[in-house]
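Read through the structure below, which is laid out as structure tokens, and then see the notes.
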Amino acid sequence: MSDARNEAGSPAHVQVRGTVLTVRRVDAYYAMTVVAPGVAARFRPGQFVAVAVGGPETSMLLRRVFSIHDVRPDHGGTVEFIFATVGPGTRWLAERRTRDVLDIAGPLGRPFPLPRDPVNCLLVGGGYGSAPLFPLATRLRGRSCTVDFLIGAASADRVFGAMTARRTGRTATVTTEDGSLGGRGLVTDVLSQVIHEGRTDVIYACGPMGMLRQVTAVASRYDIPVQALVEESMACGIGVCMTCVLPVVGDDGVTRMVRSCVDGPVFRGEQVRWNDIGTIPFDALGAPGWKPRPQAKPRPAVSRPAGPSSRTPADGAGHDR
Ligand SMILES: Cc1cc2nc3c(=O)[nH]c(=O)nc-3n(C[C@H](O)[C@H](O)[C@H](O)COP(=O)(O)OP(=O)(O)OC[C@H]3O[C@@H](n4cnc5c(N)ncnc54)[C@H](O)[C@@H]3O)c2cc1C
Ligand code: FES
């Protein structure tokens, strides 16, 4: 485990054996609640857990990572995550039962930065990507921000949290590709309209990479900052293997390959080079043939007091930790 520590000097994350409290079906997904007081106590919205799968004899050596959807004080502290069954690890998890024990590490990654002032926040989620937006919404409302939801998926059973969004959001707009719930189409089809109606100041988004890229493109037309939670494949989840790198432009204008597990998973949308994900761009720091630019002057950081947009992807300025 990494020895990252929080401001109080205690470990920022822990590795525990957590007892499964419940595993239940929620439409196309599973919701798993695990007793893990150390993880629950440290959690900030946007962070994730890394779960060992397959049991002690398994050939599945890598942990699987999931955004934390909810923490509760019951049983000393529980953590809930929502998952789709897509492969052997998640299928194994879906077969766990109450009182099974899981090896779980967390909370990992940098949380969503929170605005300093009460602003209008739009939370955009695709599929199970809306799961981490609900604890964020609670924190934002605690800071007197307004919260609008825009969530969608391929079909009604893959929209996560529509009822909660309608109950707790100032507004909740739902789209499905097949039209089985809400408007037919993609969340990005109606994004401009929702931004106008909600007078959005900042967008928080989580979902497939294509959705995040498109949300960032639309938001940039209105000069609205986007905090995007990316789902880049991860192996270790703690910053040692470099599996999860993606190209991100820093405030100095230099592209760096940064690790989404420890430098993210939340990044400023406009700083991610969405079209170059999966590659090492030739102009990225340290890329083959890259040469340092002589006397490159750092660009002054742009200050936007109304929102969290003045932060670099890797700094923690303004995080409510
Ligand atoms: C920050 C983050 C948050 C995530 N949150 C959720 C969530 O809330 N709910 C959910 O269902 N899934 C989430 N995922 C994706 C989840 O980690 C994968 O679906 C899961 O690891 C697949 O494991 P598997 O053995 O079933 O499938 P396999 O495809 O067999 O996985 C094999 C390997 O590939 C990696 N992998 C496969 N698909 C993905 C993917 N989409 N993203 C990242 N790594 C992948 C796994 O970590 C594993 O090491 C998240 C991923 C990241 C990076
Ligand atoms: S997953 Fe290993 S460095 Fe990020």
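Residue numbering restarts at 1 for every chain of the structure tokens, chains are lettered A, B, ... in their displayed order, and ligands are numbered from 1 as they appear.
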
Env. residues ligand 1 / 7 Å / only C-alpha atoms and all ligand atoms / as number ranges by chain: A: 48, 62-68, 81-91, 128-129, 131, 230-235, 261, 265

DSSP-assigned strand (DSSP E) members of region 108-318 of chain A, reported as an MDAnalysis selection string: chainID A and resid 108 120:126 146:153 171:176 183:184 202:206 226:229 245:249 255:259 266:268

With C-alpha atoms retained, write the just-selected residues as a tab-separated table (two decimals), in the first residue's frame.
chain	number	residue	atom	x	y	z
A	108	LEU	CA	-8.46	5.79	-3.32
A	120	ASN	CA	-25.37	26.18	-9.90
A	121	CYS	CA	-24.00	22.67	-10.39
A	122	LEU	CA	-25.03	20.27	-13.14
A	123	LEU	CA	-24.27	16.61	-12.47
A	124	VAL	CA	-24.08	14.53	-15.66
A	125	GLY	CA	-23.99	10.74	-15.40
A	126	GLY	CA	-23.95	7.93	-17.94
A	146	THR	CA	-28.12	24.11	-6.45
A	147	VAL	CA	-27.93	20.66	-8.01
A	148	ASP	CA	-29.44	19.70	-11.36
A	149	PHE	CA	-29.12	16.16	-12.69
A	150	LEU	CA	-28.78	15.01	-16.28
A	151	ILE	CA	-28.47	11.24	-16.43
A	152	GLY	CA	-28.84	8.70	-19.17
A	153	ALA	CA	-28.01	5.27	-20.52
A	171	THR	CA	-34.32	19.39	-11.76
A	172	ALA	CA	-33.63	15.93	-13.18
A	173	THR	CA	-33.44	15.27	-16.91
A	174	VAL	CA	-33.25	11.67	-18.10
A	175	THR	CA	-32.41	10.34	-21.55
A	176	THR	CA	-32.20	6.84	-22.98
A	183	GLY	CA	-36.22	11.68	-23.80
A	184	ARG	CA	-34.82	9.55	-26.61
A	202	VAL	CA	-19.96	24.13	-13.14
A	203	ILE	CA	-20.45	20.59	-14.45
A	204	TYR	CA	-19.49	17.37	-12.69
A	205	ALA	CA	-19.54	14.34	-14.97
A	206	CYS	CA	-18.96	10.61	-14.79
A	226	VAL	CA	-16.08	20.41	-16.17
A	227	GLN	CA	-14.84	18.10	-13.43
A	228	ALA	CA	-14.74	14.70	-15.13
A	229	LEU	CA	-14.34	11.38	-13.32
A	245	VAL	CA	-2.05	6.92	-17.55
A	246	LEU	CA	-3.70	9.44	-19.82
A	247	PRO	CA	-2.47	12.68	-21.45
A	248	VAL	CA	-3.39	15.80	-19.51
A	249	VAL	CA	-2.29	19.38	-20.25
A	255	THR	CA	1.16	17.62	-21.71
A	256	ARG	CA	2.03	14.98	-19.16
A	257	MET	CA	1.06	11.34	-18.92
A	258	VAL	CA	-0.60	11.29	-15.50
A	259	ARG	CA	-1.92	8.39	-13.48
A	266	VAL	CA	-11.22	13.44	-11.37
A	267	PHE	CA	-9.69	15.82	-13.92
A	268	ARG	CA	-10.56	19.18	-15.40

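Atom pair CA of Met211 (chain A) / CA of Arg199 (chain A) has a distance of 20.9 Å (rounded to one decimal).
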
Surroundings of ligand 2 up to 6 Å, based on only C-alpha atoms and all ligand atoms, as an NGL selection string: :A and (234-244 or 259-261)

Residue contacts of Thr216 (chain A) (8 Å, only C-alpha atoms) excluding same-chain residues fewer than 3 positions away, as a PyMOL selection string: chain A and resi 212-213+219-220+226+269-270

Write a file of the just-selected residues containing C-alpha atoms, as a compact mmCIF listing (two decimals), in the first residue's frame.
# COMPACT_ATOMS: atom_id res chain seq x y z
CA LEU A 212 -17.05 12.89 -21.01
CA ARG A 213 -15.31 14.14 -24.16
CA ALA A 219 -19.35 22.99 -21.89
CA SER A 220 -16.33 24.72 -23.42
CA VAL A 226 -16.08 20.41 -16.17
CA GLY A 269 -12.29 18.14 -18.62
CA GLU A 270 -10.67 20.77 -20.80

Point-to-point distance from CA of Ala137 (chain A) to CA of Leu93 (chain A), Å rounded to tenths: 27.3 Å

Two-atom distance - CA of Gly18 (chain A), CA of Met32 (chain A) (Å): 11.5 Å

Neighbour list for His75 (chain A) as number ranges by chain, cut-off 9 Å, only C-alpha atoms, skip fewer than 5 positions in-chain: A: 35-37

Using N, CA and C atoms, can you export the residues from the last selection as a CSV table (one decimal), in the first residue's frame?
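Dumped to selection.csv:
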chain,number,residue,atom,x,y,z
A,35,VAL,N,-19.2,-3.8,5.2
A,35,VAL,CA,-18.8,-3.1,6.4
A,35,VAL,C,-17.3,-2.8,6.4
A,36,ALA,N,-16.9,-1.5,6.3
A,36,ALA,CA,-15.5,-1.1,6.2
A,36,ALA,C,-15.4,0.2,6.8
A,37,PRO,N,-15.4,0.3,8.2
A,37,PRO,CA,-15.4,1.6,8.9
A,37,PRO,C,-14.3,2.5,8.5

Backbone DSSP call of alpha helix (DSSP H) for region 109-195 of chain A, listed as an MDAnalysis selection string: chainID A and resid 133:142 162:168 191:195

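For Thr33 (chain A), the list of residues within 7 Å, based on only C-alpha atoms and with local chain neighbours fewer than 5 positions off taken out, reads Val20, Leu21, Thr22, Val23, Thr78, Val79, Glu80 and Phe81 of chain A.
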
Now that the selection is made, can you save its residues with N, CA and C atoms as a short mmCIF file (atom, residue, chain, number, x, y, z; two decimals), in the first residue's frame?
data_model
loop_
_atom_site.label_atom_id
_atom_site.label_comp_id
_atom_site.auth_asym_id
_atom_site.auth_seq_id
_atom_site.Cartn_x
_atom_site.Cartn_y
_atom_site.Cartn_z
N VAL A 20 -19.41 -8.53 3.88
CA VAL A 20 -20.51 -8.15 3.00
C VAL A 20 -21.80 -8.09 3.80
N LEU A 21 -22.48 -6.94 3.71
CA LEU A 21 -23.76 -6.79 4.41
C LEU A 21 -24.91 -7.20 3.49
N THR A 22 -24.91 -6.65 2.28
CA THR A 22 -25.96 -7.02 1.31
C THR A 22 -25.40 -6.97 -0.11
N VAL A 23 -25.97 -7.80 -0.96
CA VAL A 23 -25.75 -7.69 -2.41
C VAL A 23 -27.14 -7.77 -3.03
N THR A 78 -20.30 1.68 6.72
CA THR A 78 -20.43 0.81 5.54
C THR A 78 -20.16 1.61 4.27
N VAL A 79 -19.78 0.87 3.25
CA VAL A 79 -19.47 1.45 1.94
C VAL A 79 -20.31 0.71 0.91
N GLU A 80 -20.96 1.46 0.01
CA GLU A 80 -21.74 0.81 -1.03
C GLU A 80 -21.21 1.21 -2.41
N PHE A 81 -21.07 0.23 -3.29
CA PHE A 81 -20.75 0.53 -4.68
C PHE A 81 -21.70 -0.22 -5.60
#
